[in-house]
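Structure file target26.cif; described as mmCIF, C-alpha atoms.
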```cif
data_start
loop_
_atom_site.label_atom_id
_atom_site.label_comp_id
_atom_site.auth_asym_id
_atom_site.auth_seq_id
_atom_site.Cartn_x
_atom_site.Cartn_y
_atom_site.Cartn_z
CA MET X 1 -47.43 -7.93 152.29
CA LYS X 2 -47.85 -8.50 148.56
CA LEU X 3 -45.31 -7.80 145.81
CA ILE X 4 -46.04 -6.62 142.27
CA THR X 5 -43.82 -5.82 139.33
CA GLY X 6 -42.27 -2.35 139.22
CA GLU X 7 -43.56 -2.10 135.66
CA VAL X 8 -46.80 -0.72 137.12
CA ILE X 9 -44.85 2.45 138.00
CA VAL X 10 -43.61 2.72 134.42
CA ASP X 11 -47.18 2.50 133.17
CA LEU X 12 -48.29 5.09 135.72
CA VAL X 13 -45.56 7.50 134.62
CA LYS X 14 -46.64 7.10 131.00
CA ARG X 15 -50.25 7.90 131.84
CA ARG X 16 -49.79 10.73 134.33
CA PHE X 17 -46.43 12.35 133.60
CA LYS X 18 -46.55 11.69 129.84
CA PRO X 19 -42.84 12.05 128.89
CA ILE X 20 -42.36 13.41 125.38
CA ASP X 21 -40.26 10.42 124.28
CA SER X 22 -39.42 6.89 125.36
CA ASN X 23 -35.65 7.25 125.88
CA TRP X 24 -36.12 7.07 129.65
CA GLU X 25 -37.62 3.56 129.47
CA SER X 26 -34.21 1.94 129.03
CA ASP X 27 -33.29 3.27 132.50
CA ALA X 28 -36.64 2.43 134.10
CA ALA X 29 -35.53 -0.73 135.92
CA ASP X 30 -32.47 1.07 137.36
CA ILE X 31 -34.61 4.01 138.51
CA ILE X 32 -37.00 1.64 140.28
CA GLY X 33 -34.06 -0.06 141.99
CA GLU X 34 -32.77 3.33 143.16
CA GLY X 35 -36.26 4.18 144.39
CA ILE X 36 -36.39 1.00 146.45
CA SER X 37 -33.09 1.98 148.08
CA SER X 38 -34.40 5.48 148.77
CA ILE X 39 -37.63 4.28 150.40
CA ASN X 40 -35.49 1.87 152.43
CA ILE X 41 -37.91 -0.85 153.46
CA PRO X 42 -36.32 -4.34 153.67
CA MET X 43 -37.46 -6.00 150.46
CA GLY X 44 -35.73 -9.35 150.45
CA TYR X 45 -33.28 -10.14 147.68
CA GLU X 46 -31.80 -12.79 145.47
CA VAL X 47 -28.15 -13.79 145.51
CA ALA X 48 -26.81 -14.44 142.02
CA TRP X 49 -23.42 -15.43 140.66
CA GLU X 50 -21.87 -14.74 137.28
CA LEU X 51 -18.61 -15.44 135.46
CA LEU X 52 -17.10 -12.22 134.08
CA ASP X 53 -14.13 -11.71 131.77
CA ILE X 54 -11.44 -9.24 132.87
CA LYS X 55 -9.87 -7.13 130.10
CA ASN X 56 -7.47 -4.26 130.77
CA ASN X 57 -7.85 -4.80 134.53
CA ARG X 58 -11.60 -4.29 134.62
CA THR X 59 -15.09 -5.53 133.79
CA ARG X 60 -18.53 -3.98 134.14
CA VAL X 61 -20.57 -4.64 137.27
CA PRO X 62 -23.64 -6.75 136.33
CA GLN X 63 -26.43 -4.28 135.59
CA GLU X 64 -28.88 -5.94 137.97
CA ALA X 65 -26.40 -6.04 140.89
CA GLU X 66 -27.42 -3.91 143.86
CA GLU X 67 -24.48 -4.94 146.04
CA LEU X 68 -21.35 -6.97 145.32
CA LEU X 69 -20.80 -9.61 147.98
CA PHE X 70 -17.49 -11.27 147.12
CA VAL X 71 -15.28 -12.19 144.16
CA MET X 72 -13.30 -15.35 143.39
CA TYR X 73 -10.36 -15.80 141.04
CA GLU X 74 -8.78 -19.15 140.14
CA GLY X 75 -10.61 -20.83 142.99
CA SER X 76 -9.50 -18.32 145.66
CA LEU X 77 -11.39 -15.59 147.46
CA LEU X 78 -10.08 -12.19 146.38
CA ASN X 79 -9.37 -9.45 148.85
CA LYS X 80 -11.33 -6.26 148.30
CA SER X 81 -8.81 -3.42 148.19
CA LEU X 82 -5.89 -4.51 150.39
CA LYS X 83 -5.25 -1.00 151.72
CA ARG X 84 -8.84 -0.36 152.74
CA THR X 85 -9.46 -3.67 154.51
CA ALA X 86 -6.11 -4.28 156.18
CA LEU X 87 -6.73 -5.94 159.55
CA ASN X 88 -4.71 -6.89 162.57
CA PRO X 89 -4.62 -10.73 162.49
CA GLU X 90 -4.55 -10.78 166.28
CA LYS X 91 -8.08 -9.33 166.32
CA ILE X 92 -9.54 -12.28 164.39
CA ASP X 93 -11.50 -14.54 166.75
CA THR X 94 -10.57 -18.01 165.53
CA LYS X 95 -13.16 -19.61 167.81
CA LYS X 96 -15.88 -18.41 165.45
CA ASN X 97 -16.46 -19.13 161.79
CA THR X 98 -13.98 -17.42 159.47
CA ASN X 99 -13.99 -16.93 155.73
CA VAL X 100 -12.12 -20.24 155.31
CA ASP X 101 -14.96 -22.16 156.98
CA ALA X 102 -17.63 -20.19 155.12
CA LEU X 103 -15.92 -20.61 151.76
CA MET X 104 -15.62 -24.38 152.17
CA GLU X 105 -19.25 -24.55 153.24
CA ILE X 106 -20.40 -22.51 150.23
CA GLU X 107 -18.48 -24.84 147.89
CA SER X 108 -20.26 -27.84 149.39
CA LEU X 109 -23.67 -26.16 149.38
CA THR X 110 -23.29 -24.99 145.79
CA LEU X 111 -22.54 -28.54 144.66
CA ARG X 112 -25.64 -29.66 146.56
CA HIS X 113 -27.69 -26.96 144.83
CA GLU X 114 -26.46 -28.11 141.39
CA THR X 115 -27.24 -31.75 142.21
CA LEU X 116 -30.79 -30.88 143.25
CA GLN X 117 -31.25 -28.80 140.10
CA THR X 118 -30.19 -31.79 138.00
CA LEU X 119 -32.70 -33.98 139.84
CA ILE X 120 -35.45 -31.41 139.23
CA ASN X 121 -34.60 -31.22 135.53
CA ASN X 122 -34.63 -34.99 135.13
CA THR X 123 -37.75 -35.94 137.07
CA THR X 124 -41.28 -36.15 135.71
CA ASP X 125 -42.77 -36.72 139.16
CA ILE X 126 -44.34 -33.44 140.35
CA ASP X 127 -44.22 -34.45 144.02
CA LYS X 128 -40.52 -35.29 143.74
CA ALA X 129 -39.80 -32.00 141.97
CA LEU X 130 -41.53 -30.05 144.76
CA GLU X 131 -39.58 -32.02 147.36
CA TYR X 132 -36.28 -31.22 145.61
CA GLN X 133 -37.25 -27.53 145.31
CA GLU X 134 -37.98 -27.37 149.03
CA LYS X 135 -34.55 -28.83 149.78
CA GLN X 136 -33.03 -26.34 147.36
CA GLN X 137 -34.59 -23.48 149.31
CA GLU X 138 -33.00 -24.77 152.51
CA VAL X 139 -29.62 -24.92 150.75
CA LEU X 140 -30.01 -21.37 149.45
CA GLU X 141 -30.91 -20.00 152.86
CA GLU X 142 -27.75 -21.56 154.31
CA ILE X 143 -25.67 -20.08 151.48
CA LEU X 144 -27.03 -16.65 152.44
CA VAL X 145 -25.92 -17.26 156.03
CA GLN X 146 -22.41 -18.23 154.92
CA SER X 147 -22.30 -15.25 152.53
CA LYS X 148 -22.91 -13.02 155.55
CA VAL X 149 -19.93 -14.64 157.29
CA LEU X 150 -17.77 -13.83 154.27
CA GLN X 151 -18.74 -10.17 154.53
CA ASP X 152 -18.52 -9.79 158.30
CA ARG X 153 -15.45 -11.91 159.09
CA PRO X 154 -12.60 -11.17 156.67
CA LEU X 155 -9.37 -13.15 156.83
CA PRO X 156 -6.08 -11.60 157.93
CA THR X 157 -4.54 -9.84 154.94
CA ASN X 158 -1.56 -12.20 154.75
CA SER X 159 -4.00 -15.06 154.09
CA TYR X 160 -5.25 -13.47 150.89
CA PRO X 161 -3.69 -14.06 147.48
CA ALA X 162 -1.74 -11.13 146.10
CA ALA X 163 -4.52 -10.38 143.56
CA SER X 164 -7.24 -7.98 144.68
CA TRP X 165 -10.30 -6.11 143.39
CA GLN X 166 -12.30 -2.99 144.11
CA GLU X 167 -15.46 -1.37 142.81
CA GLN X 168 -15.06 1.88 140.90
CA GLY X 169 -18.30 3.32 139.60
CA HIS X 170 -19.88 0.78 137.24
CA TYR X 171 -16.70 -1.30 137.01
CA ILE X 172 -14.92 -4.01 138.96
CA VAL X 173 -11.21 -3.15 138.80
CA THR X 174 -8.66 -5.91 139.46
CA SER X 175 -4.94 -6.00 140.13
CA PHE X 176 -4.48 -8.41 137.21
CA GLU X 177 -4.91 -7.44 133.56
CA THR X 178 -6.86 -10.39 132.16
CA GLY X 179 -8.64 -13.47 133.43
CA GLN X 180 -12.05 -14.60 134.60
CA ILE X 181 -13.69 -13.91 137.94
CA LEU X 182 -16.70 -15.42 139.65
CA VAL X 183 -18.80 -12.64 141.18
CA TYR X 184 -21.46 -13.16 143.83
CA TYR X 185 -23.86 -10.25 144.19
CA LYS X 186 -27.16 -9.21 145.67
CA LYS X 187 -30.04 -8.09 143.48
CA TYR X 188 -33.66 -7.21 144.09
CA PHE X 189 -36.25 -9.85 143.37
CA LEU X 190 -37.15 -9.39 139.68
CA SER X 191 -40.28 -10.01 137.65
CA ASP X 192 -40.17 -12.07 134.47
CA GLU X 193 -39.92 -8.79 132.54
CA GLY X 194 -36.78 -7.79 134.45
CA TYR X 195 -38.31 -5.10 136.67
CA PRO X 196 -37.63 -5.07 140.42
CA MET X 197 -40.62 -6.16 142.46
CA ILE X 198 -42.16 -3.54 144.74
CA ILE X 199 -44.55 -3.60 147.70
CA ASP X 200 -48.16 -3.43 146.57
CA THR X 201 -49.56 -0.70 148.79
CA GLN X 202 -50.91 2.71 147.78
CA LYS X 203 -48.36 4.57 149.91
CA TYR X 204 -45.39 2.64 148.51
CA ARG X 205 -46.54 2.99 144.90
CA THR X 206 -47.07 6.74 145.38
CA ALA X 207 -43.60 7.18 146.89
CA MET X 208 -42.09 5.25 143.98
CA TYR X 209 -44.06 7.28 141.42
CA PHE X 210 -42.78 10.61 142.76
CA TYR X 211 -39.22 9.25 142.91
CA PHE X 212 -39.50 8.31 139.24
CA VAL X 213 -40.88 11.75 138.35
CA TRP X 214 -38.08 13.42 140.30
CA GLU X 215 -35.52 11.42 138.33
CA LEU X 216 -37.08 12.46 135.00
CA LEU X 217 -37.30 16.13 135.98
CA SER X 218 -33.66 15.98 137.12
CA GLN X 219 -32.71 14.61 133.69
CA GLY X 220 -34.27 17.59 131.91
CA TYR X 221 -37.82 16.46 131.28
CA GLU X 222 -40.38 19.19 131.96
CA SER X 223 -43.69 19.45 133.76
CA ALA X 224 -46.08 22.40 133.76
CA THR X 225 -47.21 21.61 137.32
CA MET X 226 -44.16 20.34 139.20
CA ARG X 227 -40.51 21.14 139.83
CA ALA X 228 -37.88 18.51 140.59
CA MET X 229 -37.70 19.62 144.23
CA ASP X 230 -41.50 19.38 144.56
CA ALA X 231 -41.42 15.79 143.29
CA PHE X 232 -38.61 14.85 145.66
CA GLU X 233 -40.42 16.37 148.66
CA MET X 234 -43.55 14.42 147.74
CA HIS X 235 -41.45 11.28 147.45
CA GLU X 236 -39.93 11.84 150.89
CA MET X 237 -43.35 12.39 152.46
CA TRP X 238 -44.90 9.26 150.96
CA ALA X 239 -41.75 7.20 151.60
CA GLN X 240 -42.05 7.99 155.31
CA LYS X 241 -45.71 6.99 155.24
CA ALA X 242 -44.77 3.73 153.53
CA ARG X 243 -42.07 3.05 156.16
CA ASN X 244 -44.55 3.75 158.97
CA GLU X 245 -47.03 1.39 157.38
CA ALA X 246 -44.41 -1.36 156.98
CA SER X 247 -43.41 -1.07 160.64
CA THR X 248 -46.90 -2.20 161.66
CA PHE X 249 -46.59 -5.61 159.99
CA GLY X 250 -46.52 -8.53 162.40
CA ILE X 251 -43.75 -11.09 162.86
CA ASP X 252 -45.56 -13.71 160.78
CA GLU X 253 -46.01 -11.27 157.89
CA HIS X 254 -42.34 -10.26 157.94
CA GLU X 255 -41.26 -13.92 158.02
CA ALA X 256 -43.56 -14.90 155.15
CA PHE X 257 -42.37 -11.90 153.15
CA ALA X 258 -38.69 -12.71 153.70
CA ARG X 259 -39.10 -16.39 152.79
CA ALA X 260 -41.04 -15.49 149.65
CA THR X 261 -38.43 -13.07 148.35
CA VAL X 262 -35.05 -14.54 149.28
CA ARG X 263 -34.00 -16.88 146.49
CA MET X 264 -30.95 -17.66 144.42
CA LYS X 265 -30.63 -17.61 140.67
CA PHE X 266 -29.24 -20.82 139.18
CA ASN X 267 -26.42 -20.13 136.74
CA PRO X 268 -25.76 -22.98 134.26
CA ASN X 269 -22.20 -21.68 133.74
CA LEU X 270 -21.31 -22.32 137.36
CA GLY X 271 -18.64 -24.98 137.75
CA LYS X 272 -16.88 -24.31 134.45
CA SER X 273 -13.33 -23.09 133.82
CA ASN X 274 -11.29 -22.66 137.01
CA PHE X 275 -14.35 -22.70 139.25
CA THR X 276 -15.27 -26.38 139.25
CA GLY X 277 -17.43 -27.09 142.26
CA VAL X 278 -17.45 -23.51 143.50
#
```

Kindly transcribe the structure held in the file into structure tokens.
Amino acid sequence: MKLITGEVIVDLVKRRFKPIDSNWESDAADIIGEGISSINIPMGYEVAWELLDIKNNRTRVPQEAEELLFVMYEGSLLNKSLKRTALNPEKIDTKKNTNVDALMEIESLTLRHETLQTLINNTTDIDKALEYQEKQQEVLEEILVQSKVLQDRPLPTNSYPAASWQEQGHYIVTSFETGQILVYYKKYFLSDEGYPMIIDTQKYRTAMYFYFVWELLSQGYESATMRAMDAFEMHEMWAQKARNEASTFGIDEHEAFARATVRMKFNPNLGKSNFTGV
């Protein structure tokens, strides 16, 4: 299963749909991301982290974020909305990994990742660089495992700091007015141009094209041959065909696809301020 840049859909829309202006292009990457979610075929993803400044109890969600994983503040894991995630501590199985274990492991793995990145930057030996990159990939895969633990096994509420956060629309809203948070989030694998990568099959590209057209028609753009509902129905039909096609891939193909698309973005700001070693 091959991936190509979602920019091919933008070019296709320009040629076939011919929008009367280019205002829609600023939203193109977001529309493609929404289309990927709508088609709903596992695509693989990157986990990224970013330091964000809180002002007036909020900050914008990173534009490329598809799902927020967890948030840290002053070296501690923040609870996501105390009221919504309140748990009975007695139901926590302490025999299995908890957030405490996962958090400590992520701190150690992140330091390992930074060390390997430094080695890569400083070596002129290609073989050594490839060896370090392979080790980095192993570290990143383990970080993904521990990130899953953080999502699936929350701590009892009385173990959280008083500060908390929640997602409201395009903003992260915190219980504190100012400060800096470290946000881990999931994003689709991106091309160098910043477009989400998509599956390179005719059925998938067609489903994505009609999703894009549906979005434009819903925003007020006009077509002499198609209504918004027509475009959405065509998208649904081709999306199902794409899902059926994807279900026929073998185990080896799925494994190769997953390993090729699950990576982590290195952030040079990591480790600064109150997040040293995190």

Ground truth for the PyMOL selection byres ((chain X and resi 164) around 6), written as a list in words: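 With the shown file as input, the PyMOL selection byres ((chain X and resi 164) around 6) matches Leu78, Asn79, Lys80, Ser81, Ala163, Trp165, Thr174 and Ser175 of chain X.
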
Expected selection from the PyMOL selection byres ((chain X and resi 203-207) around 9), given as a ChimeraX atom specification: /X:6,8-9,35,39,198-202,208-212,234-243,245

Length of the atom CA of Arg227 of chain X to atom CA of Ile20 of chain X vector [Å]: 16.5 Å

Two-atom distance - atom CA of Glu67 of chain X, atom CA of Val183 of chain X (Å):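 The value is 10.7 Å.
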
Neighbouring residues of Glu167 of chain X were defined as those with any atom within 10 Å, considering only C-alpha atoms; residues of the same chain fewer than 3 positions away were excluded. Please report them as a tab-separated table (two decimals) with C-alpha atoms, keeping the file's coordinate frame.
```tsv
chain	number	residue	atom	x	y	z
X	58	ARG	CA	-11.60	-4.29	134.62
X	59	THR	CA	-15.09	-5.53	133.79
X	60	ARG	CA	-18.53	-3.98	134.14
X	61	VAL	CA	-20.57	-4.64	137.27
X	68	LEU	CA	-21.35	-6.97	145.32
X	80	LYS	CA	-11.33	-6.26	148.30
X	81	SER	CA	-8.81	-3.42	148.19
X	170	HIS	CA	-19.88	0.78	137.24
X	171	TYR	CA	-16.70	-1.30	137.01
X	172	ILE	CA	-14.92	-4.01	138.96
X	173	VAL	CA	-11.21	-3.15	138.80
X	174	THR	CA	-8.66	-5.91	139.46
```

At most 12 Å is the cut-off: for each residue in segment 171-260 of chain X with any atom that close to an atom of segment 146-149 of chain X, write down the nearest atom pair and the distance in Å rounded to one decimal, counting all atoms listed in the file, chain first then increasing number, as CSV.
```
residue,atom,partner,partner_atom,distance
X:Tyr184,CA,X:Ser147,CA,9.0
X:Tyr185,CA,X:Ser147,CA,9.8
X:Lys186,CA,X:Ser147,CA,10.4
```

Output of the PyMOL selection byres ((chain X and resi 182) around 6), listed as a list in words: Glu50, Leu51, Val71, Met72, Ile181 and Val183 of chain X

Coordinates-based distance that separates atom CA of Val213 of chain X from atom CA of Ala231 of chain X (Å, one decimal): 6.4 Å

Minimum-distance residue to Tyr73 of chain X, chosen among X:Asp27, X:Glu131, X:Glu107, X:Asp53 (using all atoms listed in the file):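 Looking only at the distances to Tyr73 of chain X, the closest residue turns out to be X:Asp53.
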
X:Leu116, X:Ile31, X:Leu111, X:Ala102 ranked by distance to Gln219 of chain X, top pick (using only C-alpha atoms):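 For Gln219 of chain X, the nearest of the candidates is X:Ile31.
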
Nearest candidate to Gln136 of chain X (options X:Ser37, X:Gln117, X:Thr5, X:Gln180; using all atoms listed in the file):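 Smallest separation from Gln136 of chain X among the options: X:Gln117.
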
Point (-46.1, 21.9, 130.5) neighbourhood (12 Å, all atoms listed in the file) written as an MDAnalysis selection string: chainID X and resid 17:20 217 221:227

Nearest to Met104 of chain X, chosen from X:Ser76, X:Asn56, X:Ser38, X:Gln63, with all atoms listed in the file counted in the distances: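 Of the candidates, the smallest distance to Met104 of chain X is held by X:Ser76.
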
How about completing segment 110-123 of chain X with N, CA and C atoms and giving it to me as an mmCIF file, in the coordinates of the input?
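New file part00.cif:
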```
data_model
loop_
_atom_site.group_PDB
_atom_site.id
_atom_site.type_symbol
_atom_site.label_atom_id
_atom_site.label_comp_id
_atom_site.auth_asym_id
_atom_site.auth_seq_id
_atom_site.Cartn_x
_atom_site.Cartn_y
_atom_site.Cartn_z
ATOM 1 N N THR X 110 -23.065 -25.267 147.204
ATOM 2 C CA THR X 110 -23.290 -24.990 145.790
ATOM 3 C C THR X 110 -23.358 -26.286 144.989
ATOM 4 N N LEU X 111 -22.483 -27.227 145.313
ATOM 5 C CA LEU X 111 -22.540 -28.540 144.660
ATOM 6 C C LEU X 111 -23.883 -29.220 144.954
ATOM 7 N N ARG X 112 -24.350 -29.084 146.187
ATOM 8 C CA ARG X 112 -25.640 -29.660 146.560
ATOM 9 C C ARG X 112 -26.767 -29.014 145.750
ATOM 10 N N HIS X 113 -26.680 -27.698 145.600
ATOM 11 C CA HIS X 113 -27.690 -26.960 144.830
ATOM 12 C C HIS X 113 -27.718 -27.453 143.380
ATOM 13 N N GLU X 114 -26.541 -27.644 142.774
ATOM 14 C CA GLU X 114 -26.460 -28.110 141.390
ATOM 15 C C GLU X 114 -27.025 -29.528 141.259
ATOM 16 N N THR X 115 -26.732 -30.377 142.239
ATOM 17 C CA THR X 115 -27.240 -31.750 142.210
ATOM 18 C C THR X 115 -28.758 -31.776 142.255
ATOM 19 N N LEU X 116 -29.332 -30.949 143.137
ATOM 20 C CA LEU X 116 -30.790 -30.880 143.250
ATOM 21 C C LEU X 116 -31.412 -30.329 141.966
ATOM 22 N N GLN X 117 -30.736 -29.356 141.346
ATOM 23 C CA GLN X 117 -31.250 -28.800 140.100
ATOM 24 C C GLN X 117 -31.275 -29.868 139.008
ATOM 25 N N THR X 118 -30.240 -30.697 138.969
ATOM 26 C CA THR X 118 -30.190 -31.790 138.000
ATOM 27 C C THR X 118 -31.334 -32.769 138.235
ATOM 28 N N LEU X 119 -31.602 -33.081 139.509
ATOM 29 C CA LEU X 119 -32.700 -33.980 139.840
ATOM 30 C C LEU X 119 -34.048 -33.391 139.416
ATOM 31 N N ILE X 120 -34.203 -32.078 139.629
ATOM 32 C CA ILE X 120 -35.450 -31.410 139.230
ATOM 33 C C ILE X 120 -35.622 -31.471 137.714
ATOM 34 N N ASN X 121 -34.529 -31.230 136.990
ATOM 35 C CA ASN X 121 -34.600 -31.220 135.530
ATOM 36 C C ASN X 121 -34.921 -32.589 134.952
ATOM 37 N N ASN X 122 -34.513 -33.640 135.683
ATOM 38 C CA ASN X 122 -34.630 -34.990 135.130
ATOM 39 C C ASN X 122 -35.863 -35.758 135.607
ATOM 40 N N THR X 123 -36.599 -35.218 136.560
ATOM 41 C CA THR X 123 -37.750 -35.940 137.070
ATOM 42 C C THR X 123 -39.042 -35.512 136.374
#
```
